[in-house]
Structure formats: structure tokens, C-alpha cells
$ cat target27.txt   # compact mmCIF, C-alpha atoms
# COMPACT_ATOMS: atom_id res chain seq x y z
CA MET A 19 2.06 1.08 24.47
CA ASN A 20 4.53 0.22 21.71
CA ASN A 21 7.76 0.77 23.63
CA GLN A 22 8.38 -2.99 23.69
CA ILE A 23 8.59 -3.18 19.90
CA PRO A 24 12.24 -3.23 18.73
CA PRO A 25 13.48 -0.35 16.55
CA VAL A 26 11.68 -0.21 13.21
CA ILE A 27 12.89 0.65 9.72
CA LEU A 28 10.16 1.56 7.28
CA ALA A 29 11.43 0.94 3.76
CA SER A 30 8.91 3.20 2.05
CA LYS A 31 8.94 6.73 0.73
CA SER A 32 5.13 6.84 1.00
CA PRO A 33 4.11 9.74 3.25
CA ARG A 34 0.85 7.89 3.88
CA ARG A 35 2.63 4.81 5.28
CA GLN A 36 4.87 7.04 7.37
CA GLU A 37 1.86 8.87 8.77
CA LEU A 38 0.07 5.62 9.60
CA LEU A 39 3.08 4.27 11.53
CA SER A 40 3.32 7.58 13.41
CA LEU A 41 -0.37 7.39 14.27
CA MET A 42 0.25 3.86 15.58
CA ASN A 43 2.78 5.39 18.02
CA ILE A 44 5.62 3.37 16.50
CA ASN A 45 9.07 4.92 16.45
CA PHE A 46 10.71 4.30 13.11
CA ARG A 47 13.23 5.62 10.66
CA VAL A 48 12.90 5.57 6.89
CA VAL A 49 15.57 3.79 4.85
CA LEU A 50 15.11 3.52 1.11
CA LYS A 51 16.60 1.08 -1.37
CA ASP A 52 15.99 0.86 -5.09
CA VAL A 53 14.27 -2.43 -5.90
CA ASP A 54 13.05 -3.80 -9.20
CA GLU A 55 9.28 -4.17 -8.77
CA SER A 56 8.75 -6.59 -11.63
CA TYR A 57 7.08 -9.93 -10.99
CA PRO A 58 6.63 -13.23 -12.81
CA GLU A 59 3.68 -13.77 -15.11
CA GLY A 60 0.72 -15.75 -13.85
CA LEU A 61 0.64 -14.56 -10.24
CA SER A 62 -2.64 -13.62 -8.58
CA PRO A 63 -3.01 -10.01 -7.33
CA GLN A 64 -2.32 -11.20 -3.76
CA GLU A 65 0.78 -13.09 -4.88
CA ILE A 66 2.03 -10.03 -6.78
CA ALA A 67 1.70 -7.76 -3.72
CA LEU A 68 3.47 -10.32 -1.52
CA HIS A 69 6.19 -10.98 -4.12
CA ILE A 70 7.07 -7.29 -4.42
CA ALA A 71 6.89 -6.65 -0.65
CA GLU A 72 9.25 -9.57 -0.03
CA LYS A 73 11.59 -8.41 -2.79
CA LYS A 74 11.79 -4.99 -1.12
CA CYS A 75 12.53 -6.62 2.25
CA ARG A 76 15.24 -8.94 0.90
CA ALA A 77 17.25 -5.85 -0.07
CA PHE A 78 17.91 -5.47 3.68
CA ASP A 79 18.79 -9.12 4.31
CA GLU A 80 22.48 -8.70 5.13
CA LEU A 81 22.29 -5.28 6.76
CA ILE A 82 19.90 -5.66 9.65
CA GLU A 83 20.47 -7.34 13.00
CA ASP A 84 18.29 -6.11 15.85
CA GLU A 85 15.85 -3.94 13.96
CA ILE A 86 12.54 -4.70 12.30
CA VAL A 87 12.22 -3.89 8.60
CA ILE A 88 8.73 -3.27 7.24
CA THR A 89 8.04 -3.18 3.50
CA ALA A 90 4.73 -3.04 1.68
CA ASP A 91 3.28 -3.00 -1.79
CA THR A 92 -0.25 -1.91 -2.64
CA ILE A 93 -1.97 -2.79 -5.88
CA VAL A 94 -5.42 -2.20 -7.28
CA SER A 95 -7.20 -4.98 -9.15
CA ILE A 96 -10.37 -4.92 -11.21
CA ASP A 97 -11.54 -7.86 -13.32
CA ASN A 98 -8.16 -9.56 -12.71
CA GLN A 99 -6.42 -6.56 -14.27
CA ILE A 100 -3.69 -4.90 -12.19
CA LEU A 101 -3.81 -1.12 -12.03
CA GLY A 102 -0.40 0.01 -10.82
CA LYS A 103 0.90 3.55 -10.69
CA PRO A 104 -0.12 5.50 -13.79
CA GLU A 105 2.56 6.43 -16.30
CA SER A 106 1.01 9.79 -17.24
CA PRO A 107 -1.95 12.04 -16.38
CA GLU A 108 -3.82 10.56 -19.37
CA HIS A 109 -3.19 7.06 -18.02
CA ALA A 110 -4.49 8.19 -14.60
CA VAL A 111 -7.69 9.49 -16.22
CA ALA A 112 -8.16 6.18 -18.06
CA MET A 113 -7.69 4.19 -14.84
CA LEU A 114 -10.23 6.30 -12.95
CA GLN A 115 -12.70 5.92 -15.82
CA THR A 116 -12.25 2.14 -15.48
CA LEU A 117 -12.95 2.33 -11.71
CA SER A 118 -15.92 4.70 -12.07
CA GLY A 119 -19.18 3.12 -10.93
CA ARG A 120 -17.52 -0.22 -10.18
CA LYS A 121 -16.13 -2.27 -7.33
CA HIS A 122 -12.43 -3.06 -7.24
CA GLN A 123 -10.00 -4.64 -4.81
CA VAL A 124 -7.09 -2.98 -3.05
CA ILE A 125 -4.46 -5.50 -1.97
CA THR A 126 -1.51 -4.62 0.24
CA GLY A 127 1.24 -7.15 0.74
CA VAL A 128 3.44 -6.63 3.79
CA CYS A 129 6.77 -8.18 4.66
CA ILE A 130 8.39 -7.91 8.08
CA LEU A 131 12.03 -8.90 8.49
CA TYR A 132 13.22 -9.54 12.05
CA LYS A 133 16.13 -11.71 13.15
CA GLN A 134 16.51 -13.24 9.66
CA GLN A 135 12.84 -14.31 9.67
CA TYR A 136 10.37 -13.09 7.05
CA ASN A 137 6.74 -12.65 8.04
CA LEU A 138 4.50 -12.12 5.02
CA PHE A 139 0.81 -11.29 4.99
CA TYR A 140 -1.68 -9.36 2.90
CA ASP A 141 -5.02 -7.69 3.26
CA VAL A 142 -7.78 -7.14 0.70
CA SER A 143 -10.41 -4.40 0.77
CA ASP A 144 -13.29 -4.04 -1.68
CA VAL A 145 -13.90 -0.44 -2.73
CA LEU A 146 -16.87 0.90 -4.69
CA PHE A 147 -16.78 4.22 -6.54
CA ARG A 148 -19.97 5.98 -7.58
CA VAL A 149 -20.12 6.95 -11.25
CA LEU A 150 -17.58 9.75 -11.68
CA SER A 151 -17.99 12.41 -14.36
CA ASP A 152 -15.14 13.11 -16.75
CA GLU A 153 -14.96 16.62 -15.27
CA GLU A 154 -14.50 15.23 -11.75
CA ILE A 155 -11.80 12.82 -12.90
CA THR A 156 -9.92 15.53 -14.81
CA PHE A 157 -10.20 17.94 -11.87
CA TYR A 158 -8.76 15.33 -9.51
CA VAL A 159 -5.89 14.30 -11.78
CA ASP A 160 -4.98 17.93 -12.52
CA LYS A 161 -5.18 19.16 -8.93
CA TYR A 162 -3.84 16.13 -7.01
CA SER A 163 -1.47 14.54 -9.58
CA PRO A 164 -1.93 10.94 -8.40
CA LEU A 165 0.94 9.49 -10.43
CA ASP A 166 2.50 7.97 -7.29
CA LYS A 167 -0.60 5.98 -6.33
CA ALA A 168 -1.77 2.53 -7.37
CA GLY A 169 -5.04 2.82 -9.25
CA SER A 170 -4.48 6.58 -9.65
CA TYR A 171 -6.20 7.66 -6.46
CA GLY A 172 -5.72 8.29 -2.77
CA ILE A 173 -8.72 7.40 -0.64
CA GLN A 174 -7.81 10.20 1.77
CA GLU A 175 -7.89 12.79 -1.03
CA TRP A 176 -10.77 14.63 -2.71
CA ILE A 177 -11.81 11.81 -5.05
CA GLY A 178 -11.91 9.30 -2.21
CA LEU A 179 -13.82 11.65 0.06
CA THR A 180 -16.41 12.50 -2.60
CA GLY A 181 -16.48 9.43 -4.83
CA ILE A 182 -16.17 6.28 -2.72
CA VAL A 183 -19.55 5.03 -1.56
CA LYS A 184 -18.59 1.76 0.13
CA ILE A 185 -15.58 -0.05 1.56
CA ASP A 186 -15.64 -3.67 2.70
CA GLY A 187 -12.47 -4.26 4.69
CA SER A 188 -9.73 -2.15 6.19
CA TYR A 189 -9.64 1.57 5.41
CA THR A 190 -5.93 1.78 6.27
CA ASN A 191 -5.26 -1.04 3.82
CA VAL A 192 -6.66 1.18 1.07
CA VAL A 193 -4.43 4.03 2.28
CA GLY A 194 -1.47 1.68 1.86
CA LEU A 195 -0.77 -0.22 5.09
CA PRO A 196 -3.17 -2.60 6.88
CA THR A 197 -2.39 -1.26 10.34
CA GLU A 198 -4.66 -3.68 12.20
CA LYS A 199 -2.86 -6.75 10.85
CA LEU A 200 0.54 -5.04 11.07
CA TYR A 201 0.09 -4.26 14.77
CA GLN A 202 -0.86 -7.85 15.56
CA ALA A 203 2.20 -9.12 13.66
CA LEU A 204 4.54 -6.68 15.43
CA ILE A 205 3.42 -7.48 18.97
CA LYS A 206 4.02 -11.18 18.29
CA LEU A 207 7.70 -10.47 17.56
CA LYS A 208 8.60 -9.70 21.18
$ encode --input "target27.txt" --output "C-alpha cells"
Amino acid sequence: MNNQIPPVILASKSPRRQELLSLMNINFRVVLKDVDESYPEGLSPQEIALHIAEKKCRAFDELIEDEIVITADTIVSIDNQILGKPESPEHAVAMLQTLSGRKHQVITGVCILYKQQYNLFYDVSDVLFRVLSDEEITFYVDKYSPLDKAGSYGIQEWIGLTGIVKIDGSYTNVVGLPTEKLYQALIKLK
């Protein structure tokens, strides 16, 4: 079905994003570049995700001709506070305590570079955790070490499977790549 999509470079070390693209039957290769993920003050959560995704994509600006580059950035936001990747296990515990029993937003910004054109979009999903006990949070952080995940959790892992009671929006967006919107953007590139 996707054999008409030009060759794809996924600029992400995330195994979750790689798995999602594979499940979409998209052939791709992974190419990584170090990019500063800082952003200007005063941006909304959506603007932050788009800013960082575009920054990641611009690192490929001069190198790519007939391939598609896909970059993404996922952030978690609660009460206009950005919860990025935790700096330590203790920080991860504190983040999960903040999310416990509350609704938060997961925003993924995506940038597609093809033929010197940048296509930017984002998706937002609302996620509600039940009240999590300190024992559950500590168990999860110790066993799954979520230091590489925005908001300190993976929805596809134990805490997501046992603690999330409601999602409004795309599940794959919460995993880290809004596949529904991505597919529609890719088929328009032909």
C-alpha cells in the first residue's frame, strides 16, 4: 500500500517511533543528528513541540534530495507546565505524582522535509491517570526506568496499561507519533 511513498529517513532513536513506522508498512532508515532541543520562552506547548521538531528536521536541510525526512517531538503538559524527560529517577517519581489522578495533554509535533519543503503539524491527546499509589510509581520507575520518556511514562508499558483510565485523541500520538495524521501527510507528497 505504501510502495508509492518515496524513501523515508526517520530522524529518531525512539524504538516506539520506529515500531510505529514499521507497523504502518513504511520502509525507512534511521539517521540521527545531535540537535539542541532548547526553545524560546513564551511558546505554547504546541509551539514548543513544533519548534523542536522543525529544528531537528533543519539539521538535514542540505543533505537530502529525493528522500523524506520525518522528525518528531513529544511533550507532556499539565497546567501549562511542560514535563519533559526526567533528569533522575527521583524527578520521574515527582512527575508521575503530579500526573496521578489528573488529566494532562500529550502533544507531538511532527516535521516532514521533502524536496526542500517543510510540512509541520501536531496532534494533542488528553490522558487521564487514576490515582497512583507511591508504591506503584516507585515500582514503575525502578523496573521500567522511564528516563527517556516525556512525562516519565510510556503508555504501552505497565503504568499505562494499569493506570490510564481515559484517552481523548490518538493513542499513537501518546506513544510518540500521530500515525493517522502522518499517513495522510505522507500520501499527499506523491
$ closest_residue --input "target27.txt" --among "A:Ala168, A:Ala203, A:Val145, A:Ile44" --to "A:Gly187" --atoms "all atoms listed in the file"
A:Val145
$ closest_residue --input "target27.txt" --among "A:Gln64, A:Ser40, A:Thr89, A:Ser170" --to "A:Ser118" --atoms "all atoms listed in the file"
A:Ser170
$ residues_around --input "target27.txt" --residues "A:Leu41" --least-positions-apart "4" --cutoff "12 Å" --atoms "all atoms listed in the file" --output "PyMOL selection string"
chain A and resi 20+34-37+45-46+190+195+197+201
$ residues_around --input "target27.txt" --residues "stretch 71-77 of chain A" --least-positions-apart "6" --cutoff "12 Å" --atoms "only C-alpha atoms" --output "PyMOL selection string"
chain A and resi 27-30+49-57+64-65+86-93+125-132+134-140+195
$ atom_distance --input "target27.txt" --atom1 "atom CA of A:Gln99" --atom2 "atom CA of A:Leu38"
27.6 Å
$ atom_distance --input "target27.txt" --atom1 "atom CA of A:Lys121" --atom2 "atom CA of A:Val149"
10.8 Å
$ closest_residue --input "target27.txt" --among "A:Pro33, A:Pro107, A:Gly119, A:Pro63" --to "A:Tyr158" --atoms "only C-alpha atoms"
A:Pro107
$ residues_around --input "target27.txt" --residues "A:Pro24" --least-positions-apart "2" --cutoff "7 Å" --atoms "all atoms listed in the file" --output "PyMOL selection string"
chain A and resi 22+26+85-86
$ write_last_selection --input "target27.txt" --atoms "C-alpha atoms" --output "PDB file, keeping the file's coordinate frame"
ATOM      1  CA  GLN A  22       8.380  -2.990  23.690  1.00  0.00           C
ATOM      2  CA  VAL A  26      11.680  -0.210  13.210  1.00  0.00           C
ATOM      3  CA  GLU A  85      15.850  -3.940  13.960  1.00  0.00           C
ATOM      4  CA  ILE A  86      12.540  -4.700  12.300  1.00  0.00           C
TER       5      ILE A  86
END
$ closest_residue --input "target27.txt" --among "A:Gly172, A:Lys133, A:Ser151, A:Ser163" --to "A:Ile82" --atoms "all atoms listed in the file"
A:Lys133
$ closest_residue --input "target27.txt" --among "A:Ser143, A:Ser32, A:Gln174, A:Thr156" --to "A:Pro196" --atoms "only C-alpha atoms"
A:Ser143
$ atom_distance --input "target27.txt" --atom1 "atom CA of A:Leu179" --atom2 "atom CA of A:Asp141"
21.5 Å
$ residues_near_point --input "target27.txt" --point "(-13.2, -5.2, 1.3)" --cutoff "8 Å" --atoms "only C-alpha atoms" --output "list of chain:residue names"
A:Gln123, A:Val124, A:Val142, A:Ser143, A:Asp144, A:Val145, A:Ile185, A:Asp186, A:Gly187, A:Ser188
$ closest_residue --input "target27.txt" --among "A:Asp160, A:Gln202, A:Ile155, A:Lys103" --to "A:Thr116" --atoms "all atoms listed in the file"
A:Ile155
$ decode --input "target27.txt" --residues "stretch 157-171 of chain A" --atoms "N, CA, C and O atoms" --output "JSON list (two decimals), in the first residue's frame"
[["chain", "number", "residue", "atom", "x", "y", "z"],
["A", 157, "PHE", "N", 7.59, 1.37, 41.89],
["A", 157, "PHE", "CA", 7.76, 0.12, 41.16],
["A", 157, "PHE", "C", 8.01, 0.39, 39.69],
["A", 157, "PHE", "O", 8.94, -0.15, 39.08],
["A", 158, "TYR", "N", 7.18, 1.24, 39.09],
["A", 158, "TYR", "CA", 7.31, 1.52, 37.66],
["A", 158, "TYR", "C", 8.66, 2.18, 37.34],
["A", 158, "TYR", "O", 9.36, 1.76, 36.42],
["A", 159, "VAL", "N", 9.02, 3.19, 38.10],
["A", 159, "VAL", "CA", 10.28, 3.90, 37.83],
["A", 159, "VAL", "C", 11.47, 2.96, 38.00],
["A", 159, "VAL", "O", 12.39, 2.96, 37.18],
["A", 160, "ASP", "N", 11.44, 2.13, 39.04],
["A", 160, "ASP", "CA", 12.55, 1.19, 39.28],
["A", 160, "ASP", "C", 12.64, 0.11, 38.20],
["A", 160, "ASP", "O", 13.72, -0.21, 37.73],
["A", 161, "LYS", "N", 11.51, -0.43, 37.81],
["A", 161, "LYS", "CA", 11.51, -1.56, 36.87],
["A", 161, "LYS", "C", 11.65, -1.12, 35.42],
["A", 161, "LYS", "O", 12.30, -1.79, 34.62],
["A", 162, "TYR", "N", 11.04, 0.01, 35.05],
["A", 162, "TYR", "CA", 10.99, 0.40, 33.63],
["A", 162, "TYR", "C", 11.93, 1.56, 33.28],
["A", 162, "TYR", "O", 12.11, 1.86, 32.11],
["A", 163, "SER", "N", 12.47, 2.23, 34.28],
["A", 163, "SER", "CA", 13.44, 3.32, 34.07],
["A", 163, "SER", "C", 13.03, 4.26, 32.94],
["A", 163, "SER", "O", 13.66, 4.29, 31.88],
["A", 164, "PRO", "N", 11.99, 5.05, 33.16],
["A", 164, "PRO", "CA", 11.42, 5.87, 32.07],
["A", 164, "PRO", "C", 12.13, 7.21, 31.86],
["A", 164, "PRO", "O", 11.49, 8.21, 31.57],
["A", 165, "LEU", "N", 13.44, 7.23, 32.00],
["A", 165, "LEU", "CA", 14.17, 8.50, 31.89],
["A", 165, "LEU", "C", 14.24, 9.01, 30.46],
["A", 165, "LEU", "O", 14.61, 10.16, 30.24],
["A", 166, "ASP", "N", 13.88, 8.19, 29.48],
["A", 166, "ASP", "CA", 13.92, 8.62, 28.08],
["A", 166, "ASP", "C", 12.53, 9.01, 27.56],
["A", 166, "ASP", "O", 12.34, 9.15, 26.35],
["A", 167, "LYS", "N", 11.58, 9.21, 28.47],
["A", 167, "LYS", "CA", 10.20, 9.47, 28.04],
["A", 167, "LYS", "C", 9.67, 10.77, 28.61],
["A", 167, "LYS", "O", 9.79, 11.02, 29.81],
["A", 168, "ALA", "N", 9.06, 11.56, 27.76],
["A", 168, "ALA", "CA", 8.40, 12.79, 28.22],
["A", 168, "ALA", "C", 7.33, 12.43, 29.25],
["A", 168, "ALA", "O", 6.58, 11.47, 29.06],
["A", 169, "GLY", "N", 7.29, 13.18, 30.33],
["A", 169, "GLY", "CA", 6.30, 12.91, 31.37],
["A", 169, "GLY", "C", 6.61, 11.71, 32.22],
["A", 169, "GLY", "O", 5.84, 11.34, 33.10],
["A", 170, "SER", "N", 7.71, 11.04, 31.95],
["A", 170, "SER", "CA", 8.19, 9.89, 32.75],
["A", 170, "SER", "C", 7.36, 8.63, 32.60],
["A", 170, "SER", "O", 7.35, 7.79, 33.50],
["A", 171, "TYR", "N", 6.64, 8.48, 31.48],
["A", 171, "TYR", "CA", 5.91, 7.22, 31.32],
["A", 171, "TYR", "C", 5.75, 6.87, 29.85],
["A", 171, "TYR", "O", 5.78, 7.72, 28.97]]
